[in-house]
Amino acid sequence: MKDNQQLEQNQREQPMALWMKAAITGFVGGVFWSLLGYLAHFFHFTELSPNMILLPWKIGDWKYGKTGNYLAIFLIGVLSIVVALLYYVLLRKMKSMWVGIGYGLALWILVFYVFNPMLPGLRPVSQLERNTIITTICLYILYGLFVGYSISFEAQENEQQKQPTKTANE
């Protein structure tokens with residue numbers, strides 16, 4: 001007969017590393033918010049679709065259709081892992097939601113101003129429709145808020161678990 005400690009139901013599950021939770025949060029956030037971006041494009045709230053990240057490559061006309069958009073959504077999720085890990089490294093200890101909002105706004109500025117020359121399907125901001133600008137800023141802000149708040153919350157929870165619990169006698 002097995003010792004009581006060795007029974008499977010009596011063993012504690014090892015908690016997932018915080019950086020791994022951040023990576024998963026990044027992937028899920030990237031896929032979710034780019035799907036919403038695709039939906040916004042479908043309903044003509046924005047002239048941009050997720051497949052704009054595929055436009056620099058000569059890979060065929062399929063990149064302009066549904067297949068290209070779905071592949072782009074997946075790739076944005078993968079790229080978002082890097083973005084979330086960057087937040088994890090630099091800003092995870094910040095507890096304000098404004099940090100995530102600012103992070104999303106900074107990402108929008110980075111994509112639409114810095115990376116603009118590398119994305120041939122992306123016109124300069126001054127040439128974009130007002131609805132496109134407003135919609136994309138909102139999506140990036142919500143993405144930054146989602147990633148930032150999720151990672152900061154997990155970091156705070158992790159810190160609380162590491163601290164010894166105080167007893168009533170203390």
# chains A, B, ... in the order shown; residues from 1 in each chain; ligands from 1
call {"tool": "residues_around", "arguments": {"residues": "Tyr143 (chain A)", "least_positions_apart": "2", "cutoff": "7 Å", "atoms": "only C-alpha atoms", "output": "ChimeraX atom specification"}}
result
/A:29,33,104,139-141,145-147
call {"tool": "select_by_dssp", "arguments": {"residues": "chain A", "states": "alpha helix (DSSP H)", "output": "ChimeraX atom specification"}}
result
/A:18-42,66-91,97-109,130-162
call {"tool": "write_last_selection", "arguments": {"atoms": "C-alpha atoms", "output": "compact mmCIF listing (two decimals), in the first residue's frame"}}
result
# COMPACT_ATOMS: atom_id res chain seq x y z
CA LEU A 18 4.87 33.93 -13.73
CA TRP A 19 6.70 34.54 -17.02
CA MET A 20 4.81 31.60 -18.54
CA LYS A 21 1.49 33.10 -17.42
CA ALA A 22 2.60 36.37 -19.00
CA ALA A 23 3.38 34.58 -22.27
CA ILE A 24 -0.03 32.88 -22.29
CA THR A 25 -1.71 36.19 -21.48
CA GLY A 26 0.14 37.79 -24.38
CA PHE A 27 -0.89 35.10 -26.85
CA VAL A 28 -4.53 35.09 -25.75
CA GLY A 29 -4.63 38.89 -25.72
CA GLY A 30 -3.08 39.14 -29.17
CA VAL A 31 -5.49 36.62 -30.67
CA PHE A 32 -8.55 38.04 -28.92
CA TRP A 33 -7.93 41.70 -29.70
CA SER A 34 -6.85 41.05 -33.28
CA LEU A 35 -10.03 39.00 -33.77
CA LEU A 36 -11.95 42.02 -32.55
CA GLY A 37 -9.91 44.13 -34.97
CA TYR A 38 -10.90 41.79 -37.78
CA LEU A 39 -14.52 42.12 -36.69
CA ALA A 40 -14.14 45.93 -36.67
CA HIS A 41 -12.74 45.71 -40.20
CA PHE A 42 -15.63 43.49 -41.28
CA LYS A 66 -9.83 34.98 -44.78
CA THR A 67 -6.87 32.59 -44.71
CA GLY A 68 -4.43 35.50 -44.61
CA ASN A 69 -6.38 37.19 -41.85
CA TYR A 70 -6.58 34.05 -39.73
CA LEU A 71 -2.86 33.39 -40.17
CA ALA A 72 -2.18 37.03 -39.30
CA ILE A 73 -4.31 36.73 -36.15
CA PHE A 74 -2.26 33.72 -35.08
CA LEU A 75 1.01 35.53 -35.87
CA ILE A 76 -0.15 38.58 -33.92
CA GLY A 77 -0.76 36.22 -31.00
CA VAL A 78 2.80 34.90 -31.28
CA LEU A 79 4.22 38.43 -31.60
CA SER A 80 2.11 39.45 -28.64
CA ILE A 81 3.99 36.94 -26.47
CA VAL A 82 7.10 39.09 -26.94
CA VAL A 83 5.12 42.26 -26.19
CA ALA A 84 3.69 40.73 -23.00
CA LEU A 85 7.08 39.48 -21.84
CA LEU A 86 8.44 42.99 -22.38
CA TYR A 87 5.67 44.30 -20.13
CA TYR A 88 6.49 41.56 -17.63
CA VAL A 89 10.15 42.56 -17.51
CA LEU A 90 9.65 46.32 -17.39
CA LEU A 91 6.30 47.10 -15.78
CA MET A 97 -4.50 50.41 -14.83
CA TRP A 98 -3.16 53.61 -16.40
CA VAL A 99 0.18 51.89 -16.98
CA GLY A 100 -1.52 49.29 -19.19
CA ILE A 101 -3.47 51.98 -21.00
CA GLY A 102 -0.26 53.93 -21.58
CA TYR A 103 1.47 50.75 -22.75
CA GLY A 104 -1.27 50.13 -25.32
CA LEU A 105 -1.06 53.74 -26.52
CA ALA A 106 2.73 53.46 -26.77
CA LEU A 107 2.32 50.30 -28.86
CA TRP A 108 -0.09 52.12 -31.19
CA ILE A 109 2.43 54.95 -31.64
CA ARG A 130 -10.88 59.18 -38.54
CA ASN A 131 -12.84 55.98 -37.75
CA THR A 132 -9.72 53.89 -38.40
CA ILE A 133 -7.59 56.02 -36.10
CA ILE A 134 -10.14 56.02 -33.27
CA THR A 135 -10.93 52.31 -33.59
CA THR A 136 -7.29 51.21 -33.70
CA ILE A 137 -6.31 53.46 -30.78
CA CYS A 138 -9.17 51.97 -28.74
CA LEU A 139 -8.18 48.41 -29.65
CA TYR A 140 -4.53 49.02 -28.73
CA ILE A 141 -5.50 50.70 -25.45
CA LEU A 142 -7.80 47.82 -24.53
CA TYR A 143 -5.11 45.32 -25.50
CA GLY A 144 -2.55 47.16 -23.32
CA LEU A 145 -5.01 47.30 -20.44
CA PHE A 146 -5.79 43.58 -20.76
CA VAL A 147 -2.14 42.51 -20.90
CA GLY A 148 -0.92 45.02 -18.32
CA TYR A 149 -3.63 44.44 -15.75
CA SER A 150 -3.48 40.65 -16.12
CA ILE A 151 0.29 40.49 -15.72
CA SER A 152 0.36 42.99 -12.82
CA PHE A 153 -2.43 41.12 -11.06
CA GLU A 154 -0.62 37.79 -11.39
CA ALA A 155 2.63 39.38 -10.16
CA GLN A 156 0.83 40.83 -7.13
CA GLU A 157 -0.83 37.48 -6.38
CA ASN A 158 2.54 35.75 -6.68
CA GLU A 159 4.11 38.19 -4.21
CA GLN A 160 1.29 37.67 -1.71
CA GLN A 161 1.74 33.90 -1.88
CA LYS A 162 5.45 34.21 -1.17
call {"tool": "atom_distance", "arguments": {"atom1": "CA of Pro124 (chain A)", "atom2": "CA of Gly60 (chain A)"}}
result
24.6 Å
call {"tool": "atom_distance", "arguments": {"atom1": "CA of Ser49 (chain A)", "atom2": "CA of Tyr64 (chain A)"}}
result
9.2 Å
call {"tool": "atom_distance", "arguments": {"atom1": "CA of Gln163 (chain A)", "atom2": "CA of Arg92 (chain A)"}}
result
17.7 Å
call {"tool": "closest_residue", "arguments": {"among": "A:Leu110, A:Gly65, A:Met16, A:Ser96", "to": "Met52 (chain A)", "atoms": "only C-alpha atoms"}}
result
A:Gly65
call {"tool": "decode", "arguments": {"residues": "region 35-85 of chain A", "atoms": "N, CA and C atoms", "output": "CSV table (one decimal), in the first residue's frame"}}
result
chain,number,residue,atom,x,y,z
A,35,LEU,N,-8.7,39.5,-33.3
A,35,LEU,CA,-10.0,39.0,-33.8
A,35,LEU,C,-11.1,40.1,-33.7
A,36,LEU,N,-11.0,40.9,-32.6
A,36,LEU,CA,-12.0,42.0,-32.5
A,36,LEU,C,-11.6,43.1,-33.6
A,37,GLY,N,-10.3,43.2,-33.9
A,37,GLY,CA,-9.9,44.1,-35.0
A,37,GLY,C,-10.4,43.7,-36.3
A,38,TYR,N,-10.4,42.4,-36.5
A,38,TYR,CA,-10.9,41.8,-37.8
A,38,TYR,C,-12.4,42.0,-37.9
A,39,LEU,N,-13.1,41.9,-36.7
A,39,LEU,CA,-14.5,42.1,-36.7
A,39,LEU,C,-14.8,43.6,-37.0
A,40,ALA,N,-14.0,44.5,-36.4
A,40,ALA,CA,-14.1,45.9,-36.7
A,40,ALA,C,-13.9,46.2,-38.2
A,41,HIS,N,-13.0,45.5,-38.8
A,41,HIS,CA,-12.7,45.7,-40.2
A,41,HIS,C,-13.9,45.2,-41.0
A,42,PHE,N,-14.5,44.1,-40.6
A,42,PHE,CA,-15.6,43.5,-41.3
A,42,PHE,C,-16.8,44.5,-41.3
A,43,PHE,N,-17.0,45.1,-40.2
A,43,PHE,CA,-18.1,46.1,-40.0
A,43,PHE,C,-17.8,47.5,-40.4
A,44,HIS,N,-16.6,47.7,-41.1
A,44,HIS,CA,-16.1,48.9,-41.6
A,44,HIS,C,-15.9,50.0,-40.6
A,45,PHE,N,-15.5,49.6,-39.4
A,45,PHE,CA,-15.1,50.6,-38.4
A,45,PHE,C,-13.6,51.0,-38.6
A,46,THR,N,-12.9,50.2,-39.3
A,46,THR,CA,-11.5,50.5,-39.7
A,46,THR,C,-11.2,49.9,-41.1
A,47,GLU,N,-10.4,50.6,-41.8
A,47,GLU,CA,-10.0,50.2,-43.1
A,47,GLU,C,-8.8,49.2,-43.1
A,48,LEU,N,-8.3,48.9,-41.9
A,48,LEU,CA,-7.2,48.0,-41.7
A,48,LEU,C,-7.7,46.7,-41.2
A,49,SER,N,-7.0,45.6,-41.6
A,49,SER,CA,-7.3,44.3,-41.1
A,49,SER,C,-6.1,43.7,-40.6
A,50,PRO,N,-6.2,42.6,-39.8
A,50,PRO,CA,-5.0,42.0,-39.2
A,50,PRO,C,-3.9,41.6,-40.3
A,51,ASN,N,-4.3,41.3,-41.5
A,51,ASN,CA,-3.4,40.8,-42.5
A,51,ASN,C,-2.4,41.8,-42.9
A,52,MET,N,-2.4,43.1,-42.4
A,52,MET,CA,-1.5,44.1,-42.8
A,52,MET,C,0.0,43.6,-42.4
A,53,ILE,N,0.1,42.7,-41.4
A,53,ILE,CA,1.4,42.3,-41.0
A,53,ILE,C,2.0,41.3,-42.1
A,54,LEU,N,1.2,40.8,-42.9
A,54,LEU,CA,1.6,39.8,-44.0
A,54,LEU,C,2.0,40.6,-45.3
A,55,LEU,N,1.6,41.8,-45.4
A,55,LEU,CA,1.7,42.5,-46.7
A,55,LEU,C,3.2,42.7,-47.1
A,56,PRO,N,4.1,42.9,-46.2
A,56,PRO,CA,5.5,43.0,-46.7
A,56,PRO,C,6.1,41.8,-47.5
A,57,TRP,N,5.5,40.7,-47.3
A,57,TRP,CA,6.0,39.4,-47.9
A,57,TRP,C,5.3,39.1,-49.1
A,58,LYS,N,6.0,38.6,-50.1
A,58,LYS,CA,5.3,38.1,-51.4
A,58,LYS,C,5.0,36.6,-51.2
A,59,ILE,N,3.9,36.4,-50.7
A,59,ILE,CA,3.5,35.0,-50.4
A,59,ILE,C,2.3,34.5,-51.1
A,60,GLY,N,1.7,35.4,-52.0
A,60,GLY,CA,0.5,35.0,-52.8
A,60,GLY,C,-0.7,35.9,-52.4
A,61,ASP,N,-1.7,35.8,-53.2
A,61,ASP,CA,-2.8,36.6,-53.0
A,61,ASP,C,-3.7,36.1,-51.9
A,62,TRP,N,-3.5,34.9,-51.4
A,62,TRP,CA,-4.3,34.3,-50.4
A,62,TRP,C,-4.2,35.2,-49.1
A,63,LYS,N,-3.1,36.0,-49.0
A,63,LYS,CA,-2.9,36.8,-47.8
A,63,LYS,C,-4.0,37.9,-47.6
A,64,TYR,N,-4.7,38.2,-48.7
A,64,TYR,CA,-5.7,39.2,-48.7
A,64,TYR,C,-7.1,38.7,-48.2
A,65,GLY,N,-7.3,37.4,-48.2
A,65,GLY,CA,-8.5,36.8,-47.8
A,65,GLY,C,-8.6,36.3,-46.4
A,66,LYS,N,-9.6,35.5,-46.1
A,66,LYS,CA,-9.8,35.0,-44.8
A,66,LYS,C,-8.6,34.2,-44.3
A,67,THR,N,-8.0,33.4,-45.1
A,67,THR,CA,-6.9,32.6,-44.7
A,67,THR,C,-5.7,33.5,-44.2
A,68,GLY,N,-5.5,34.5,-45.0
A,68,GLY,CA,-4.4,35.5,-44.6
A,68,GLY,C,-4.7,36.2,-43.3
A,69,ASN,N,-6.0,36.5,-43.1
A,69,ASN,CA,-6.4,37.2,-41.8
A,69,ASN,C,-6.3,36.3,-40.7
A,70,TYR,N,-6.7,35.0,-40.8
A,70,TYR,CA,-6.6,34.0,-39.7
A,70,TYR,C,-5.1,33.7,-39.4
A,71,LEU,N,-4.3,33.6,-40.4
A,71,LEU,CA,-2.9,33.4,-40.2
A,71,LEU,C,-2.3,34.6,-39.5
A,72,ALA,N,-2.7,35.8,-39.9
A,72,ALA,CA,-2.2,37.0,-39.3
A,72,ALA,C,-2.6,37.1,-37.8
A,73,ILE,N,-3.8,36.7,-37.5
A,73,ILE,CA,-4.3,36.7,-36.1
A,73,ILE,C,-3.4,35.8,-35.3
A,74,PHE,N,-3.1,34.6,-35.8
A,74,PHE,CA,-2.3,33.7,-35.1
A,74,PHE,C,-0.9,34.3,-34.9
A,75,LEU,N,-0.3,34.9,-36.0
A,75,LEU,CA,1.0,35.5,-35.9
A,75,LEU,C,1.0,36.7,-34.9
A,76,ILE,N,-0.1,37.5,-34.9
A,76,ILE,CA,-0.1,38.6,-33.9
A,76,ILE,C,-0.1,38.0,-32.5
A,77,GLY,N,-0.8,36.9,-32.3
A,77,GLY,CA,-0.8,36.2,-31.0
A,77,GLY,C,0.7,35.8,-30.6
A,78,VAL,N,1.4,35.3,-31.6
A,78,VAL,CA,2.8,34.9,-31.3
A,78,VAL,C,3.6,36.1,-31.0
A,79,LEU,N,3.5,37.2,-31.8
A,79,LEU,CA,4.2,38.4,-31.6
A,79,LEU,C,3.8,39.1,-30.3
A,80,SER,N,2.6,38.9,-29.9
A,80,SER,CA,2.1,39.4,-28.6
A,80,SER,C,2.8,38.8,-27.4
A,81,ILE,N,3.3,37.6,-27.6
A,81,ILE,CA,4.0,36.9,-26.5
A,81,ILE,C,5.2,37.8,-26.1
A,82,VAL,N,5.9,38.2,-27.1
A,82,VAL,CA,7.1,39.1,-26.9
A,82,VAL,C,6.7,40.4,-26.3
A,83,VAL,N,5.6,41.0,-26.7
A,83,VAL,CA,5.1,42.3,-26.2
A,83,VAL,C,4.7,42.1,-24.7
A,84,ALA,N,4.1,41.0,-24.4
A,84,ALA,CA,3.7,40.7,-23.0
A,84,ALA,C,4.9,40.5,-22.1
A,85,LEU,N,5.9,39.7,-22.6
A,85,LEU,CA,7.1,39.5,-21.8
A,85,LEU,C,7.9,40.8,-21.6
